[in-house]
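Visitor: Quick one, query_9.csv (CSV, C-alpha atoms and all ligand atoms):
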```csv
chain,number,residue,atom,x,y,z
U,22,MET,CA,100.8,117.9,79.4
U,23,ASP,CA,97.2,117.7,78.2
U,24,ILE,CA,95.7,115.5,75.5
U,25,ALA,CA,95.9,118.2,72.9
U,26,ALA,CA,99.7,118.2,73.4
U,27,VAL,CA,99.8,114.4,73.3
U,28,ASN,CA,98.0,114.5,70.0
U,29,LEU,CA,100.7,116.8,68.5
U,30,LEU,CA,103.6,114.5,69.4
U,31,PRO,CA,105.6,113.0,66.5
U,32,TYR,CA,105.7,109.3,66.9
U,33,GLU,CA,109.4,109.3,68.0
U,34,ASP,CA,108.5,111.5,71.0
U,35,PHE,CA,105.3,109.7,71.7
U,36,VAL,CA,107.1,106.3,71.9
U,37,ASN,CA,109.9,107.8,74.0
U,38,ILE,CA,107.4,109.2,76.5
U,39,PHE,CA,104.8,106.4,76.6
U,40,GLY,CA,107.1,103.5,75.6
U,41,ASN,CA,107.0,101.8,79.0
U,42,VAL,CA,103.3,102.4,80.1
U,43,VAL,CA,103.0,98.7,79.4
U,44,GLU,CA,106.3,97.2,80.8
U,45,LYS,CA,108.9,96.7,78.0
U,46,CYS,CA,106.2,96.8,75.3
U,47,PRO,CA,106.9,100.0,73.3
U,48,ILE,CA,105.2,98.3,70.3
U,49,ILE,CA,101.8,99.1,72.1
U,50,PRO,CA,102.2,102.9,72.1
U,51,ALA,CA,103.9,102.7,68.7
U,52,ALA,CA,100.8,101.0,67.3
U,53,VAL,CA,98.3,103.2,69.2
U,54,TRP,CA,99.8,106.4,67.8
U,55,SER,CA,97.9,105.6,64.6
U,56,ARG,CA,94.7,106.1,66.5
U,57,ARG,CA,95.3,109.9,67.2
U,58,PRO,CA,93.7,112.3,67.7
U,59,PHE,CA,92.4,111.1,71.1
U,60,VAL,CA,89.5,113.1,72.5
U,61,SER,CA,90.7,112.6,76.1
U,62,VAL,CA,93.3,110.8,78.2
U,63,LYS,CA,90.6,108.2,78.8
U,64,ALA,CA,90.2,107.6,75.1
U,65,PHE,CA,94.0,107.2,74.8
U,66,GLU,CA,94.0,104.6,77.5
U,67,ALA,CA,91.0,102.9,75.9
U,68,ALA,CA,92.9,102.6,72.7
U,69,ILE,CA,95.8,100.8,74.5
U,70,ASN,CA,93.3,98.5,76.2
U,71,GLU,CA,91.6,97.7,72.9
U,72,PHE,CA,94.9,96.9,71.3
U,73,ILE,CA,95.7,94.5,74.2
U,74,ASP,CA,92.3,92.9,74.1
U,75,ALA,CA,92.6,92.3,70.4
U,76,LEU,CA,95.8,90.2,70.8
U,77,PRO,CA,95.6,86.4,70.6
U,78,GLU,CA,96.1,84.6,73.9
U,79,SER,CA,99.8,84.1,73.0
U,80,GLY,CA,100.2,87.9,72.6
U,81,LYS,CA,98.7,88.5,76.0
U,82,GLU,CA,101.0,85.9,77.6
U,83,GLY,CA,103.9,87.7,75.8
U,84,ILE,CA,102.9,90.9,77.5
U,85,LEU,CA,102.9,89.2,80.9
U,86,ARG,CA,106.3,87.7,80.1
U,87,CYS,CA,107.8,91.1,79.6
U,88,HIS,CA,107.2,91.8,83.3
U,89,PRO,CA,110.0,91.3,85.9
U,90,ASP,CA,109.3,89.2,88.9
U,91,LEU,CA,108.3,91.0,92.1
U,92,ALA,CA,111.4,91.0,94.4
U,93,GLY,CA,113.2,89.0,91.7
U,94,ARG,CA,116.6,89.0,90.0
U,95,ASP,CA,116.2,92.4,88.3
U,96,LEU,CA,115.4,94.1,91.6
U,97,LYS,CA,118.4,92.5,93.3
U,98,SER,CA,120.7,93.4,90.4
U,99,GLY,CA,119.4,97.0,89.9
U,100,THR,CA,118.2,96.3,86.4
U,101,LEU,CA,114.5,97.1,86.8
U,102,THR,CA,113.0,99.8,84.6
U,103,ARG,CA,112.6,103.1,86.5
U,104,GLU,CA,108.8,102.7,86.7
U,105,SER,CA,109.0,99.1,88.0
U,106,GLN,CA,111.7,100.0,90.5
U,107,GLU,CA,109.5,102.8,92.0
U,108,GLU,CA,106.5,100.5,92.1
U,109,GLN,CA,108.2,97.6,93.7
U,110,ALA,CA,110.0,99.8,96.3
U,111,GLY,CA,106.7,101.5,97.1
U,112,ALA,CA,105.2,98.1,97.9
U,113,GLY,CA,108.2,97.2,100.1
U,114,MET,CA,109.5,94.6,97.7
U,115,ASP,CA,113.1,95.8,98.4
U,116,ALA,CA,112.7,95.4,102.1
U,117,LEU,CA,111.4,91.9,102.6
U,118,SER,CA,112.6,89.8,105.6
U,119,SER,CA,114.6,86.8,104.6
U,120,SER,CA,111.6,84.5,105.2
U,121,GLU,CA,109.3,86.7,103.2
U,122,ALA,CA,111.9,86.8,100.4
U,123,ALA,CA,112.2,83.1,100.4
U,124,ARG,CA,108.4,82.6,100.3
U,125,MET,CA,108.1,85.1,97.5
U,126,ALA,CA,110.8,83.4,95.5
U,127,ARG,CA,109.2,80.0,96.0
U,128,LEU,CA,105.7,81.1,95.1
U,129,ASN,CA,106.9,83.1,92.0
U,130,GLU,CA,108.7,79.9,90.8
U,131,GLU,CA,105.6,77.8,91.5
U,132,TYR,CA,103.4,80.3,89.6
U,133,LYS,CA,105.7,80.4,86.6
U,134,LYS,CA,106.0,76.7,86.4
U,135,ARG,CA,102.2,76.3,86.5
U,136,PHE,CA,101.3,79.0,84.0
U,137,GLY,CA,104.4,79.7,81.9
U,138,PHE,CA,104.4,83.5,82.6
U,139,PRO,CA,105.2,85.5,85.7
U,140,PHE,CA,102.8,86.6,88.4
U,141,VAL,CA,101.7,90.2,87.7
U,142,ILE,CA,99.9,92.5,90.1
U,143,CYS,CA,99.7,96.3,90.3
U,144,ALA,CA,102.2,96.9,93.1
U,145,ARG,CA,101.1,100.6,93.6
U,146,ILE,CA,97.7,99.6,95.0
U,147,ASN,CA,98.9,96.6,97.0
U,148,ASP,CA,101.1,96.2,100.0
U,149,LYS,CA,103.5,93.4,100.8
U,150,ALA,CA,101.0,91.3,102.7
U,151,ALA,CA,98.3,91.7,100.0
U,152,ILE,CA,100.9,90.7,97.3
U,153,LEU,CA,102.0,87.6,99.1
U,154,GLN,CA,98.4,86.6,99.8
U,155,GLN,CA,97.3,87.1,96.2
U,156,LEU,CA,100.4,85.3,94.8
U,157,SER,CA,99.5,82.3,97.0
U,158,ALA,CA,95.8,82.4,96.1
U,159,ARG,CA,96.3,82.9,92.4
U,160,CYS,CA,98.6,79.9,92.1
U,161,GLN,CA,95.4,77.9,92.4
U,162,ASN,CA,93.6,79.4,89.4
U,163,GLU,CA,93.0,77.9,86.0
U,164,LEU,CA,95.3,79.1,83.2
U,165,ALA,CA,92.6,81.1,81.3
U,166,VAL,CA,91.4,82.8,84.5
U,167,GLU,CA,94.9,83.7,85.4
U,168,ARG,CA,95.9,85.0,82.0
U,169,ALA,CA,92.9,87.4,82.1
U,170,ARG,CA,93.6,88.4,85.7
U,171,GLY,CA,97.3,89.2,84.8
U,172,ILE,CA,96.1,91.4,81.9
U,173,GLU,CA,93.7,93.2,84.2
U,174,GLU,CA,96.6,94.0,86.4
U,175,VAL,CA,98.7,95.2,83.4
U,176,LYS,CA,95.9,97.6,82.6
U,177,LYS,CA,95.9,99.0,86.2
U,178,ILE,CA,99.6,99.5,86.1
U,179,CYS,CA,99.3,101.2,82.7
U,180,HIS,CA,96.6,103.5,84.0
U,181,LEU,CA,98.7,104.7,86.9
U,182,ARG,CA,101.8,105.1,84.7
U,183,ILE,CA,99.9,107.3,82.2
U,184,ASN,CA,98.5,109.4,85.1
U,185,THR,CA,102.0,109.9,86.5
U,186,LEU,CA,103.3,111.0,83.1
U,187,LEU,CA,100.4,113.3,82.3
U,188,LEU,CA,99.8,114.8,85.7
U,189,SER,CA,103.4,115.6,86.6
U,190,ASP,CA,104.8,118.4,84.5
U,191,GLY,CA,108.5,118.4,83.9
U,192,THR,CA,109.2,114.7,84.1
U,193,PHE,CA,110.2,114.8,80.5
U,194,LYS,CA,111.4,117.4,78.1
U,195,LEU,CA,110.4,117.8,74.4
Z,1,LIG,N1,105.5,91.1,88.2
Z,1,LIG,C1,104.9,92.2,88.5
Z,1,LIG,O1,103.7,92.3,88.9
Z,1,LIG,N2,105.6,93.3,88.3
Z,1,LIG,C2,105.2,94.6,88.5
Z,1,LIG,N3,104.0,95.0,89.1
Z,1,LIG,C3,104.1,96.4,89.1
Z,1,LIG,O2,103.2,97.1,89.6
Z,1,LIG,N4,105.3,96.8,88.6
Z,1,LIG,C4,106.0,95.7,88.2
Z,1,LIG,O3,107.1,95.7,87.8
```
Could you write out this file's structure as structure tokens?
Guide:
Amino acid sequence: MDIAAVNLLPYEDFVNIFGNVVEKCPIIPAAVWSRRPFVSVKAFEAAINEFIDALPESGKEGILRCHPDLAGRDLKSGTLTRESQEEQAGAGMDALSSSEAARMARLNEEYKKRFGFPFVICARINDKAAILQQLSARCQNELAVERARGIEEVKKICHLRINTLLLSDGTFKL
């Protein structure tokens, strides 16, 4: 699907297809649909990023809170979104040793207690070791730094999800 085809989508189809490019935040593509026509995929992505950047800090924290923990309860119970399941499995989050799993759970809790939102990192460009190292290091950051850092990661996840949708024909039917 190219950008011309994206621009022709009625909003119902648009939200169905792009509804999870930002995890569990279909309101973002629903809002950004008003910005059509997009001159390119890059412009479509820029519209999403501008919408996110224009949110108050509480809205940005809300986006972070829509993300499941890495190797958390949703992964164990099979209730992750399809995208998140693939990303977490690709980074080995479903194959942690018991000591790695215990460390991840402890650090995830420490992070959430400190900041009031979950640790978010783009799992598709990090492996297990990098994720654990980042989780531990980022627990030390200040709130404002970490809020901005989490949002940067959301944008990377979004970029890769859009690429997957637009570069792979046949993943969805209109
Ligand atoms: N918490 C968190 O980072 N979650 C995620 N990261 C990612 O790439 N996919 C996710 O679900």
Visitor: Could you build a table of the residues in chain U lying no more than 7 Å from ligand LIG 1 (chain Z), giving for each the nearest pair of atoms and their separation in Å rounded to one decimal place, using all atoms listed in the file, ordered by chain and ascending residue number, as a Markdown table?
Guide:
```
| residue | atom | partner | partner_atom | distance |
| --- | --- | --- | --- | --- |
| U:His88 | CA | Z:LIG1 | N1 | 5.2 |
| U:Pro89 | CA | Z:LIG1 | N1 | 5.1 |
| U:Asp90 | CA | Z:LIG1 | N1 | 4.3 |
| U:Leu91 | CA | Z:LIG1 | N1 | 4.8 |
| U:Ser105 | CA | Z:LIG1 | O3 | 3.9 |
| U:Gln106 | CA | Z:LIG1 | O3 | 6.9 |
| U:Glu108 | CA | Z:LIG1 | N4 | 5.2 |
| U:Gln109 | CA | Z:LIG1 | N4 | 5.9 |
| U:Pro139 | CA | Z:LIG1 | N1 | 6.1 |
| U:Phe140 | CA | Z:LIG1 | N1 | 5.3 |
| U:Val141 | CA | Z:LIG1 | O1 | 3.1 |
| U:Ile142 | CA | Z:LIG1 | O1 | 4.0 |
| U:Cys143 | CA | Z:LIG1 | O2 | 3.7 |
| U:Ala144 | CA | Z:LIG1 | O2 | 3.6 |
| U:Arg145 | CA | Z:LIG1 | O2 | 5.7 |
| U:Ile178 | CA | Z:LIG1 | O2 | 5.6 |
```
Visitor: To one decimal place in Å, what is the distance between atom CA of Lys97 of chain U and atom CA of Lys81 of chain U?
Guide: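 So the answer is 26.5 Å.
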Visitor: Near Ala150 of chain U, counting all atoms listed in the file, which residues have an atom at most 10 Å away, once you skip same-chain residues fewer than 6 positions from it, shown as a PDB file with C-alpha atoms, in the coordinates of the input?
Guide:
```pdb
ATOM      1  CA  ALA U 112     105.200  98.100  97.900  1.00  0.00           C
ATOM      2  CA  GLY U 113     108.200  97.200 100.100  1.00  0.00           C
ATOM      3  CA  GLU U 121     109.300  86.700 103.200  1.00  0.00           C
ATOM      4  CA  LEU U 156     100.400  85.300  94.800  1.00  0.00           C
TER       5      LEU U 156
END
```
Visitor: Which residue, U:Val175, U:Leu188, U:Leu164, U:Met125, has the smallest gap to Glu78 of chain U when you use all atoms listed in the file?
Guide: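 Closest to Glu78 of chain U of all the choices is U:Leu164.
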Visitor: Which residue is closest to Ile48 of chain U? Choose from U:Leu101, U:Glu173, U:Ile84, U:Pro77 and count all atoms listed in the file.
Guide: U:Ile84
Visitor: At what distance in Å, to one decimal, does atom CA of Val42 of chain U lie from atom CA of Ile183 of chain U?
Guide: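 Going from atom CA of Ile183 of chain U over to atom CA of Val42 of chain U covers 6.3 Å.
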Visitor: Using all atoms listed in the file, which residues sit within 7 Å of Val53 of chain U once same-chain residues fewer than 4 positions away are excluded, as a PDB file with C-alpha atoms, in the frame of the given file?
Guide:
```
ATOM      1  CA  ILE U  49     101.800  99.100  72.100  1.00  0.00           C
ATOM      2  CA  ALA U  68      92.900 102.600  72.700  1.00  0.00           C
ATOM      3  CA  ILE U  69      95.800 100.800  74.500  1.00  0.00           C
TER       4      ILE U  69
END
```
Visitor: Need to verify the contact set: segment 24-33 of chain U, 7 Å, only C-alpha atoms, exclusion of same-chain residues closer than 4 positions in sequence. Can you return it as a list in words?
Guide: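 Using only C-alpha atoms, the neighbours found are Asn37, Trp54, Arg57, Pro58, Phe59, Ser61 and Val62 of chain U.
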Visitor: Would you output that residue set with C-alpha atoms, as an mmCIF file, keeping the file's coordinate frame?
Guide:
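Result went into out-v3.cif, see below:
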```cif
data_model
loop_
_atom_site.group_PDB
_atom_site.id
_atom_site.type_symbol
_atom_site.label_atom_id
_atom_site.label_comp_id
_atom_site.auth_asym_id
_atom_site.auth_seq_id
_atom_site.Cartn_x
_atom_site.Cartn_y
_atom_site.Cartn_z
ATOM 1 C CA ASN U 37 109.900 107.800 74.000
ATOM 2 C CA TRP U 54 99.800 106.400 67.800
ATOM 3 C CA ARG U 57 95.300 109.900 67.200
ATOM 4 C CA PRO U 58 93.700 112.300 67.700
ATOM 5 C CA PHE U 59 92.400 111.100 71.100
ATOM 6 C CA SER U 61 90.700 112.600 76.100
ATOM 7 C CA VAL U 62 93.300 110.800 78.200
#
```
Visitor: What does the distance between atom CA of Thr185 of chain U and atom CA of Cys46 of chain U come to in Å, to one decimal place?
Guide: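 Separation between atom CA of Thr185 of chain U and atom CA of Cys46 of chain U: 17.7 Å.
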Visitor: Could you check the closest approach to Lys149 of chain U for each of U:Ala116, U:Leu181, U:Ala123, U:Gly171 and tell me which residue wins, using all atoms listed in the file?
Guide: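 Using all atoms listed in the file, the shortest distance to Lys149 of chain U belongs to U:Ala116.
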Visitor: Under the rule that all atoms listed in the file are counted, which of U:Met22, U:Val36, U:Leu76, U:Ala158 is the nearest residue to Tyr132 of chain U?
Guide: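 Among U:Met22, U:Val36, U:Leu76, U:Ala158, it is U:Ala158 that comes nearest to Tyr132 of chain U.
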Visitor: Which residue gives the smallest distance to Glu104 of chain U among U:Arg127, U:Arg170, U:Lys45, U:Lys176, with all atoms listed in the file counted?
Guide: U:Lys45
Visitor: U:Gln161, U:Gly93, U:Ala67, U:Ser55: which is nearest Arg124 of chain U, counting all atoms listed in the file?
Guide: U:Gly93
